[in-house]
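Q: Next up, work.cif (mmCIF, C-alpha atoms (C1' of nucleotides)).
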```
data_structure
loop_
_atom_site.label_atom_id
_atom_site.label_comp_id
_atom_site.auth_asym_id
_atom_site.auth_seq_id
_atom_site.Cartn_x
_atom_site.Cartn_y
_atom_site.Cartn_z
CA MET A 1 49.99 78.57 1.31
CA SER A 2 49.15 77.87 4.94
CA ASP A 3 49.28 74.38 6.38
CA THR A 4 45.59 74.48 7.15
CA ARG A 5 44.65 75.33 3.60
CA GLU A 6 46.69 72.44 2.28
CA GLU A 7 45.34 70.03 4.90
CA ILE A 8 41.80 70.99 3.93
CA LEU A 9 42.62 70.30 0.28
CA ASN A 10 44.22 66.95 1.11
CA LEU A 11 41.37 65.76 3.26
CA ALA A 12 38.67 67.02 0.92
CA GLU A 13 40.36 65.27 -1.99
CA ASP A 14 40.44 62.03 -0.05
CA LEU A 15 36.77 62.44 0.84
CA ILE A 16 35.80 63.09 -2.77
CA ARG A 17 37.71 60.06 -3.93
CA THR A 18 36.33 57.73 -1.29
CA LYS A 19 32.76 59.03 -0.83
CA GLY A 20 32.10 61.49 -3.64
CA TYR A 21 31.51 65.24 -3.79
CA ASN A 22 27.86 65.08 -2.72
CA ALA A 23 28.48 62.74 0.19
CA PHE A 24 30.95 64.73 2.26
CA SER A 25 30.29 67.77 4.40
CA TYR A 26 32.40 70.47 6.04
CA ARG A 27 31.99 68.54 9.28
CA ASP A 28 33.98 65.65 7.73
CA ILE A 29 36.83 68.11 7.34
CA SER A 30 36.55 70.34 10.40
CA VAL A 31 36.31 67.56 12.99
CA PRO A 32 39.46 65.60 12.00
CA LEU A 33 41.46 68.81 11.48
CA ASN A 34 40.15 70.24 14.75
CA ILE A 35 39.00 73.48 13.22
CA LYS A 36 35.58 75.12 12.83
CA ASN A 37 33.46 75.01 9.68
CA ALA A 38 33.93 78.76 9.29
CA ALA A 39 37.68 78.21 9.00
CA ILE A 40 37.06 76.25 5.81
CA HIS A 41 34.99 79.13 4.51
CA TYR A 42 37.87 81.44 5.29
CA HIS A 43 40.12 79.52 2.87
CA PHE A 44 37.45 78.62 0.31
CA ASN A 45 34.43 80.82 -0.19
CA SER A 46 32.19 77.92 -1.11
CA LYS A 47 32.20 74.17 -1.49
CA ALA A 48 32.32 74.75 -5.24
CA ASP A 49 35.57 76.73 -4.84
CA LEU A 50 37.05 73.93 -2.77
CA GLY A 51 36.04 71.36 -5.36
CA LYS A 52 37.44 73.46 -8.17
CA ALA A 53 40.75 73.95 -6.34
CA ILE A 54 41.10 70.18 -5.91
CA ILE A 55 40.59 69.46 -9.61
CA ASN A 56 42.93 72.30 -10.53
CA ARG A 57 45.65 70.99 -8.23
CA THR A 58 45.31 67.55 -9.82
CA ARG A 59 45.65 69.07 -13.28
CA GLN A 60 48.83 70.83 -12.20
CA ASN A 61 50.14 67.60 -10.71
CA LEU A 62 49.85 65.84 -14.05
CA VAL A 63 51.76 68.65 -15.74
CA LYS A 64 54.48 68.51 -13.07
CA GLU A 65 54.78 64.72 -13.04
CA SER A 66 54.73 64.30 -16.81
CA ASN A 67 57.50 66.86 -16.93
CA LEU A 68 59.62 64.75 -14.60
CA TRP A 69 59.01 61.77 -16.90
CA LYS A 70 59.66 63.53 -20.17
CA ASP A 71 62.96 61.76 -20.87
CA LEU A 72 61.66 58.27 -20.10
CA SER A 73 60.77 55.84 -22.88
CA PRO A 74 57.11 55.53 -23.95
CA VAL A 75 56.94 52.11 -22.25
CA GLU A 76 58.20 53.57 -18.99
CA GLN A 77 55.89 56.55 -19.28
CA LEU A 78 52.90 54.27 -19.78
CA ASN A 79 53.94 52.40 -16.66
CA LYS A 80 54.21 55.67 -14.72
CA PHE A 81 50.76 56.63 -15.96
CA ILE A 82 49.28 53.34 -14.82
CA SER A 83 51.07 53.66 -11.47
CA ILE A 84 49.02 56.80 -10.74
CA TYR A 85 45.95 54.56 -10.61
CA GLU A 86 47.81 51.94 -8.60
CA LYS A 87 48.63 54.53 -5.94
CA SER A 88 44.95 55.42 -5.73
CA LEU A 89 44.08 51.78 -5.21
CA LEU A 90 46.60 51.44 -2.39
CA ARG A 91 44.91 54.37 -0.61
CA ASN A 92 41.47 52.87 -1.21
CA GLN A 93 40.63 55.76 -3.46
CA ILE A 94 39.26 55.87 -6.97
CA CYS A 95 40.60 58.38 -9.49
CA PHE A 96 39.12 61.88 -9.36
CA MET A 97 37.57 61.44 -12.81
CA GLY A 98 35.79 58.29 -11.65
CA ALA A 99 34.68 60.03 -8.48
CA LEU A 100 33.41 63.25 -10.06
CA GLY A 101 32.41 62.13 -13.55
CA PRO A 102 29.27 60.19 -12.56
CA SER A 103 27.86 63.20 -10.69
CA TYR A 104 28.92 65.64 -13.42
CA GLU A 105 25.34 66.91 -13.85
CA THR A 106 25.12 67.89 -10.18
CA LEU A 107 28.45 69.72 -10.04
CA PRO A 108 28.69 73.53 -9.98
CA GLU A 109 29.59 74.89 -13.41
CA GLN A 110 33.12 75.90 -12.44
CA MET A 111 33.83 72.32 -11.40
CA GLN A 112 32.38 70.93 -14.62
CA THR A 113 34.60 73.20 -16.67
CA GLU A 114 37.68 72.26 -14.70
CA LEU A 115 36.88 68.56 -14.99
CA THR A 116 36.38 68.72 -18.74
CA LEU A 117 39.72 70.51 -19.09
CA ALA A 118 41.37 67.81 -16.98
CA SER A 119 39.94 65.08 -19.21
CA GLU A 120 41.32 66.80 -22.30
CA GLU A 121 44.78 67.08 -20.77
CA ILE A 122 44.90 63.47 -19.61
CA ARG A 123 43.79 62.17 -22.99
CA ALA A 124 46.24 64.41 -24.85
CA TYR A 125 49.10 63.26 -22.65
CA LEU A 126 48.39 59.57 -23.18
CA ARG A 127 47.85 59.98 -26.91
CA ASN A 128 51.28 61.58 -27.10
CA VAL A 129 52.94 58.71 -25.22
CA LEU A 130 51.22 56.12 -27.39
CA GLN A 131 52.10 57.88 -30.63
CA ARG A 132 55.76 58.06 -29.71
CA GLY A 133 55.72 54.40 -28.75
CA LEU A 134 54.27 53.51 -32.13
CA ASP A 135 56.82 55.70 -33.89
CA ASN A 136 59.83 54.13 -32.21
CA GLY A 137 58.45 50.61 -32.53
CA SER A 138 58.01 49.82 -28.86
CA PHE A 139 54.22 49.59 -29.24
CA ASN A 140 52.39 47.87 -32.07
CA PHE A 141 48.65 47.99 -31.68
CA THR A 142 46.26 48.22 -34.61
CA GLU A 143 43.67 50.64 -33.19
CA THR A 144 44.11 54.37 -33.69
CA VAL A 145 46.10 56.21 -31.03
CA SER A 146 42.97 58.03 -29.95
CA GLU A 147 40.97 54.81 -29.60
CA LYS A 148 43.75 53.13 -27.66
CA ALA A 149 44.20 56.08 -25.31
CA ASP A 150 40.52 56.27 -24.49
CA MET A 151 40.33 52.50 -24.03
CA ILE A 152 43.22 52.58 -21.56
CA ILE A 153 41.87 55.56 -19.59
CA ALA A 154 38.36 54.12 -19.52
CA SER A 155 39.45 50.70 -18.34
CA LEU A 156 41.75 52.09 -15.65
CA LEU A 157 39.03 54.40 -14.37
CA SER A 158 36.54 51.56 -14.05
CA SER A 159 39.08 49.12 -12.67
CA LEU A 160 39.26 51.09 -9.42
CA ILE A 161 35.48 51.29 -9.14
CA LEU A 162 35.01 47.60 -9.92
CA THR A 163 37.73 46.58 -7.50
CA ARG A 164 35.59 48.10 -4.77
CA VAL A 165 32.32 46.58 -5.87
CA THR A 166 33.49 43.09 -6.80
CA LYS A 167 36.07 42.81 -3.99
CA GLU A 168 38.44 41.31 -6.54
CA ASN A 169 41.58 42.99 -7.83
CA ILE A 170 40.19 44.06 -11.17
CA PHE A 171 42.89 46.71 -11.42
CA LEU A 172 45.61 44.08 -11.64
CA GLN A 173 43.75 42.22 -14.37
CA ILE A 174 43.10 45.37 -16.36
CA ARG A 175 46.74 46.44 -16.10
CA ASN A 176 47.89 43.07 -17.46
CA THR A 177 45.42 43.28 -20.31
CA ILE A 178 46.52 46.81 -21.18
CA LEU A 179 50.20 45.90 -21.20
CA LYS A 180 49.57 42.85 -23.36
CA GLY A 181 47.61 44.99 -25.81
CA VAL A 182 50.20 47.65 -26.65
CA MET B 1 2.29 46.40 -8.15
CA SER B 2 0.59 49.79 -8.17
CA ASP B 3 1.33 52.37 -10.84
CA THR B 4 2.67 54.77 -8.24
CA ARG B 5 5.17 52.28 -6.89
CA GLU B 6 6.46 51.61 -10.37
CA GLU B 7 6.62 55.30 -11.25
CA ILE B 8 8.64 55.95 -8.11
CA LEU B 9 11.06 53.19 -9.09
CA ASN B 10 11.37 54.50 -12.64
CA LEU B 11 11.98 58.07 -11.60
CA ALA B 12 14.36 57.16 -8.79
CA GLU B 13 16.36 54.98 -11.14
CA ASP B 14 16.64 57.82 -13.60
CA LEU B 15 17.73 60.17 -10.81
CA ILE B 16 20.38 57.73 -9.59
CA ARG B 17 21.71 57.30 -13.08
CA THR B 18 21.83 60.98 -13.89
CA LYS B 19 22.69 62.56 -10.51
CA GLY B 20 23.70 59.73 -8.18
CA TYR B 21 22.20 58.21 -5.06
CA ASN B 22 23.46 60.92 -2.71
CA ALA B 23 22.34 63.79 -4.91
CA PHE B 24 18.62 63.13 -5.19
CA SER B 25 15.93 63.64 -2.58
CA TYR B 26 12.34 62.54 -2.10
CA ARG B 27 11.34 65.97 -3.33
CA ASP B 28 12.83 65.15 -6.74
CA ILE B 29 10.36 62.28 -6.88
CA SER B 30 7.26 63.65 -5.15
CA VAL B 31 7.04 66.92 -7.07
CA PRO B 32 7.07 65.49 -10.64
CA LEU B 33 4.76 62.62 -9.65
CA ASN B 34 2.46 65.03 -7.82
CA ILE B 35 2.45 63.03 -4.62
CA LYS B 36 3.66 63.75 -1.07
CA ASN B 37 6.98 62.58 0.38
CA ALA B 38 5.08 60.35 2.79
CA ALA B 39 3.62 58.46 -0.15
CA ILE B 40 7.12 57.35 -1.09
CA HIS B 41 7.62 56.13 2.47
CA TYR B 42 4.39 54.18 2.16
CA HIS B 43 5.86 52.17 -0.72
CA PHE B 44 9.47 52.07 0.51
CA ASN B 45 10.27 52.24 4.21
CA SER B 46 13.53 54.03 3.65
CA LYS B 47 15.71 55.46 0.91
CA ALA B 48 17.91 52.39 1.34
CA ASP B 49 14.94 50.12 0.55
CA LEU B 50 14.18 52.16 -2.54
CA GLY B 51 17.80 51.94 -3.67
CA LYS B 52 17.93 48.22 -3.03
CA ALA B 53 14.71 47.66 -4.98
CA ILE B 54 16.15 49.50 -7.98
CA ILE B 55 19.31 47.40 -8.07
CA ASN B 56 17.28 44.24 -7.59
CA ARG B 57 14.96 45.12 -10.45
CA THR B 58 17.98 45.70 -12.69
CA ARG B 59 19.38 42.31 -11.73
CA GLN B 60 16.09 40.67 -12.64
CA ASN B 61 16.04 42.57 -15.94
CA LEU B 62 19.38 41.07 -16.95
CA VAL B 63 18.10 37.60 -16.16
CA LYS B 64 14.94 38.22 -18.19
CA GLU B 65 16.69 39.81 -21.15
CA SER B 66 19.50 37.29 -21.34
CA ASN B 67 16.84 34.61 -21.35
CA LEU B 68 15.22 36.19 -24.39
CA TRP B 69 18.63 36.19 -26.10
CA LYS B 70 19.63 32.67 -25.21
CA ASP B 71 19.29 31.27 -28.74
CA LEU B 72 21.21 34.10 -30.40
CA SER B 73 24.83 33.65 -31.50
CA PRO B 74 27.63 34.89 -29.21
CA VAL B 75 28.30 37.78 -31.60
CA GLU B 76 24.66 38.83 -31.49
CA GLN B 77 24.55 38.45 -27.72
CA LEU B 78 27.62 40.66 -27.33
CA ASN B 79 25.88 43.24 -29.47
CA LYS B 80 22.75 43.02 -27.32
CA PHE B 81 24.90 43.44 -24.22
CA ILE B 82 26.58 46.54 -25.65
CA SER B 83 23.20 47.91 -26.71
CA ILE B 84 22.16 48.06 -23.03
CA TYR B 85 24.79 50.75 -22.59
CA GLU B 86 23.80 52.46 -25.80
CA LYS B 87 20.24 52.78 -24.53
CA SER B 88 21.55 54.42 -21.36
CA LEU B 89 23.50 56.91 -23.43
CA LEU B 90 20.43 57.83 -25.47
CA ARG B 91 18.60 58.65 -22.23
CA ASN B 92 21.58 60.67 -20.96
CA GLN B 93 22.07 58.12 -18.22
CA ILE B 94 25.12 56.23 -17.13
CA CYS B 95 24.87 52.55 -16.16
CA PHE B 96 23.78 51.80 -12.59
CA MET B 97 27.17 50.28 -11.77
CA GLY B 98 28.91 53.46 -12.87
CA ALA B 99 26.43 55.54 -10.92
CA LEU B 100 26.52 53.58 -7.67
CA GLY B 101 30.01 52.05 -7.71
CA PRO B 102 31.95 55.25 -7.00
CA SER B 103 29.87 55.97 -3.90
CA TYR B 104 29.94 52.33 -2.77
CA GLU B 105 31.45 53.25 0.61
CA THR B 106 28.54 55.60 1.38
CA LEU B 107 25.79 53.16 0.44
CA PRO B 108 23.68 51.35 3.04
CA GLU B 109 24.86 47.79 3.51
CA GLN B 110 21.85 46.24 1.81
CA MET B 111 22.60 48.24 -1.32
CA GLN B 112 26.26 47.27 -1.26
CA THR B 113 25.35 43.60 -1.08
CA GLU B 114 22.89 43.91 -3.91
CA LEU B 115 25.38 45.79 -6.06
CA THR B 116 28.12 43.23 -5.52
CA LEU B 117 25.70 40.46 -6.48
CA ALA B 118 24.79 42.38 -9.62
CA SER B 119 28.45 42.73 -10.59
CA GLU B 120 28.98 38.99 -10.22
CA GLU B 121 25.98 38.22 -12.41
CA ILE B 122 26.96 40.65 -15.15
CA ARG B 123 30.53 39.35 -15.27
CA ALA B 124 29.38 35.71 -15.27
CA TYR B 125 26.96 36.39 -18.11
CA LEU B 126 29.57 38.06 -20.30
CA ARG B 127 32.21 35.42 -19.55
CA ASN B 128 29.73 32.80 -20.74
CA VAL B 129 29.03 34.64 -23.99
CA LEU B 130 32.74 35.13 -24.66
CA GLN B 131 33.60 31.50 -23.91
CA ARG B 132 30.96 30.22 -26.30
CA GLY B 133 32.20 32.60 -28.96
CA LEU B 134 35.73 31.30 -28.54
CA ASP B 135 34.49 27.72 -28.65
CA ASN B 136 32.57 28.12 -31.90
CA GLY B 137 35.31 30.20 -33.51
CA SER B 138 33.43 33.46 -33.87
CA PHE B 139 35.78 35.22 -31.42
CA ASN B 140 39.54 34.87 -31.38
CA PHE B 141 41.17 37.02 -28.73
CA THR B 142 44.31 35.97 -26.86
CA GLU B 143 43.45 37.23 -23.37
CA THR B 144 41.65 34.94 -20.93
CA VAL B 145 37.87 35.03 -21.02
CA SER B 146 37.83 36.59 -17.57
CA GLU B 147 40.27 39.34 -18.56
CA LYS B 148 38.34 40.10 -21.72
CA ALA B 149 34.99 40.22 -19.94
CA ASP B 150 36.26 42.62 -17.29
CA MET B 151 37.96 44.77 -19.93
CA ILE B 152 34.72 45.07 -21.89
CA ILE B 153 32.57 45.83 -18.86
CA ALA B 154 35.07 48.32 -17.50
CA SER B 155 35.45 50.19 -20.76
CA LEU B 156 31.70 50.35 -21.39
CA LEU B 157 31.05 51.62 -17.87
CA SER B 158 33.60 54.42 -18.24
CA SER B 159 32.58 55.23 -21.77
CA LEU B 160 29.26 56.61 -20.55
CA ILE B 161 30.93 58.66 -17.82
CA LEU B 162 33.58 60.01 -20.16
CA THR B 163 31.04 60.85 -22.83
CA ARG B 164 29.50 63.24 -20.31
CA VAL B 165 32.73 64.79 -19.17
CA THR B 166 34.53 65.13 -22.50
CA LYS B 167 31.42 65.97 -24.52
CA GLU B 168 32.69 63.59 -27.19
CA ASN B 169 31.07 60.28 -28.07
CA ILE B 170 33.55 58.07 -26.26
CA PHE B 171 30.96 55.29 -26.17
CA LEU B 172 31.03 54.95 -29.95
CA GLN B 173 34.81 54.75 -29.98
CA ILE B 174 34.90 52.20 -27.19
CA ARG B 175 32.30 50.05 -28.91
CA ASN B 176 34.34 50.02 -32.12
CA THR B 177 37.47 49.09 -30.22
CA ILE B 178 35.70 46.29 -28.37
CA LEU B 179 34.24 44.82 -31.55
CA LYS B 180 37.64 44.96 -33.30
CA GLY B 181 39.22 43.18 -30.35
CA VAL B 182 37.08 40.05 -30.17
"C1'" DT C 1 51.90 102.23 20.08
"C1'" DT C 2 48.84 102.37 16.65
"C1'" DG C 3 47.13 100.23 12.82
"C1'" DC C 4 46.40 96.62 9.83
"C1'" DA C 5 46.50 91.95 7.74
"C1'" DT C 6 46.17 87.03 8.66
"C1'" DA C 7 43.91 83.25 10.45
"C1'" DC C 8 40.92 81.98 12.67
"C1'" DT C 9 36.31 81.25 16.46
"C1'" DT C 10 31.62 82.15 18.18
"C1'" DA C 11 27.14 82.36 17.34
"C1'" DC C 12 23.84 82.45 14.27
"C1'" DT C 13 20.48 81.88 9.95
"C1'" DT C 14 18.06 79.50 6.45
"C1'" DG C 15 16.73 75.62 4.26
"C1'" DC C 16 16.18 71.09 3.06
"C1'" DA C 17 16.87 66.19 4.19
"C1'" DA C 18 14.74 61.69 5.79
"C1'" DG C 19 11.43 59.93 8.49
"C1'" DT C 20 6.95 59.41 11.38
"C1'" DA C 21 2.31 59.55 13.61
"C1'" DA C 22 -2.20 60.26 12.93
"C1'" DG C 23 -5.91 61.09 9.99
"C1'" DT C 24 -8.82 60.29 5.57
"C1'" DA C 25 -10.94 58.59 1.23
"C1'" DT C 26 -12.13 54.55 -1.41
"C1'" DG C 27 -13.25 50.13 -2.25
"C1'" DT C 28 -13.71 45.15 -0.59
"C1'" DT C 29 -15.01 41.56 2.50
"C1'" DT C 30 -18.13 39.48 5.86
"C1'" DA D 1 -23.95 47.81 7.85
"C1'" DA D 2 -19.59 47.06 10.02
"C1'" DA D 3 -14.93 46.14 9.73
"C1'" DC D 4 -10.88 46.15 7.31
"C1'" DA D 5 -7.13 46.87 3.88
"C1'" DT D 6 -5.08 49.91 0.50
"C1'" DA D 7 -3.18 54.06 -0.78
"C1'" DC D 8 -2.52 57.77 0.29
"C1'" DT D 9 -2.33 63.23 2.82
"C1'" DT D 10 -1.52 66.46 6.64
"C1'" DA D 11 1.29 68.08 9.87
"C1'" DC D 12 5.06 67.45 12.28
"C1'" DT D 13 10.04 66.27 14.27
"C1'" DT D 14 14.92 66.03 14.27
"C1'" DG D 15 19.10 66.88 12.41
"C1'" DC D 16 22.50 68.35 9.53
"C1'" DA D 17 23.87 71.09 5.47
"C1'" DA D 18 26.20 75.40 3.63
"C1'" DG D 19 26.96 79.86 4.53
"C1'" DT D 20 27.59 84.48 7.12
"C1'" DA D 21 28.40 88.41 10.33
"C1'" DA D 22 30.83 89.91 13.95
"C1'" DG D 23 34.34 89.26 17.18
"C1'" DT D 24 39.32 87.89 18.68
"C1'" DA D 25 44.31 86.56 19.00
"C1'" DT D 26 48.78 87.09 16.93
"C1'" DG D 27 52.34 89.21 14.63
"C1'" DC D 28 54.37 92.54 11.67
"C1'" DA D 29 54.83 97.39 9.87
"C1'" DA D 30 54.89 102.39 10.02
#
```
Output the structure of this file as structure tokens.
A:
Amino acid sequence: MSDTREEILNLAEDLIRTKGYNAFSYRDISVPLNIKNAAIHYHFNSKADLGKAIINRTRQNLVKESNLWKDLSPVEQLNKFISIYEKSLLRNQICFMGALGPSYETLPEQMQTELTLASEEIRAYLRNVLQRGLDNGSFNFTETVSEKADMIIASLLSSLILTRVTKENIFLQIRNTILKGV
Amino acid sequence: MSDTREEILNLAEDLIRTKGYNAFSYRDISVPLNIKNAAIHYHFNSKADLGKAIINRTRQNLVKESNLWKDLSPVEQLNKFISIYEKSLLRNQICFMGALGPSYETLPEQMQTELTLASEEIRAYLRNVLQRGLDNGSFNFTETVSEKADMIIASLLSSLILTRVTKENIFLQIRNTILKGV
DNA sequence: TTGCATACTTACTTGCAAGTAAGTATGTTT
DNA sequence: AAACATACTTACTTGCAAGTAAGTATGCAA
């Protein structure tokens, strides 16, 4: 994969996660990278293809990272999971689900499909971590694993959005509440 | 206030909450209402003014509604609060905070200000309900009131987004989990 | 040394976006 | 009856959006 292709992906992902898919243009990519708009089209036929590639890369990242973590305890894995959101916050980004989810209805079909697949994978991963934590006694919540997983994902997603809007560190508060509740 | 002005507000709010601020145009309003784009400009100088008016109206709605509920018990008030989100879901909308928050950085300054004010008011309202519920013994959670309020708001916000993306009724699950946890 | 693939640029098209200036119809006030 | 305000429409401008067709520089391969 050429450097340019990867730099386009990196920048476009940052733009999506700071401004949203419908608020960035090829100009926002071509000017900083010092290339022409047509160069973007050379690597990605359409904006939809670019968007799809970004979601797909993120999906693959979760697979790769969760593989690196597979021998960690459920508690440590939950912390790693939460740290993904913390890294976003430090870059002034929101998570890609929070960035793309609200405009789901406006997204090209291939992006919708990819995003729905991503949501399934994220939820399945966290359910697995929570179940193993229950099994080995390191977690002891009373909700179902599915309820708990969705509650954690939902609150983390919003925490990044609300940190922006309120100008308070909602993420920190939400993380504390999550950790107290497992 | 003329009918047209109100119809523009209603339709624009629906568009924001289904597609997002950056994904709708004056055409999406003028065509269904059978008016010209310039008629929108007659009522609202700019798209920013229209956006600001929508957030402001929503703020006033919360004041009005919470006033109607002021003699209800904390439990009933929490249910009323949650039902605001349920109504959004039934209209295939997400809440305005979930729709506008992710694109906060792209919003005109007057909309940002209005949105931040709205977030403060919503959080203050829910903190008040939760505190009174703790005081009269109808709630008994261990987190701080502030933590609990932000957790509830965050999870409700995301629940509407995730219901779209996952095609499962995440809202229902989140509501159950919230009600079990107070 | 010719040919071909890669990775672009140049130059262009089409279309829609927000916004504006000037005109018009209708009703109200003086 | 004249003047004015309200609530628009008509006709236009400017600008940027995605996308495309054709050309070019570089390097490797036969």
Q: Calculate how many Å separate C1' of DA11 in chain C from C1' of DA21 in chain D, rounding to one decimal.
A: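 Spanning C1' of DA11 in chain C to C1' of DA21 in chain D is a straight-line distance of 9.3 Å.
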Q: Please evaluate the PyMOL selection byres ((chain B) within 9 of (chain A)) against the displayed coordinates and give the resulting residues as a VMD selection string.
A: chain B and resid 17 to 20 22 to 23 94 97 to 106 112 to 113 115 to 117 119 to 120 143 146 to 148 150 to 162 164 to 167 170 173 to 174 176 to 178 180
Q: Running the PyMOL selection byres ((chain C) within 12 of (chain B)) on this model by hand, what would come out? Give it as a list of chain:residue names.
A: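 On this input, the PyMOL selection byres ((chain C) within 12 of (chain B)) captures C:DC16, C:DA17, C:DA18, C:DG19, C:DT20, C:DA21.
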Q: For the provided coordinates, the residues matched by the PyMOL selection byres ((chain D) within 10 of (chain A)) should be stated as a PyMOL selection string.
A: chain D and resi 16-20
Q: What is the CA of Ser30 in chain A-C1' of DT13 in chain C distance in Å, reported with one decimal?
A: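 Atom-to-atom, CA of Ser30 in chain A and C1' of DT13 in chain C are spaced 19.8 Å apart.
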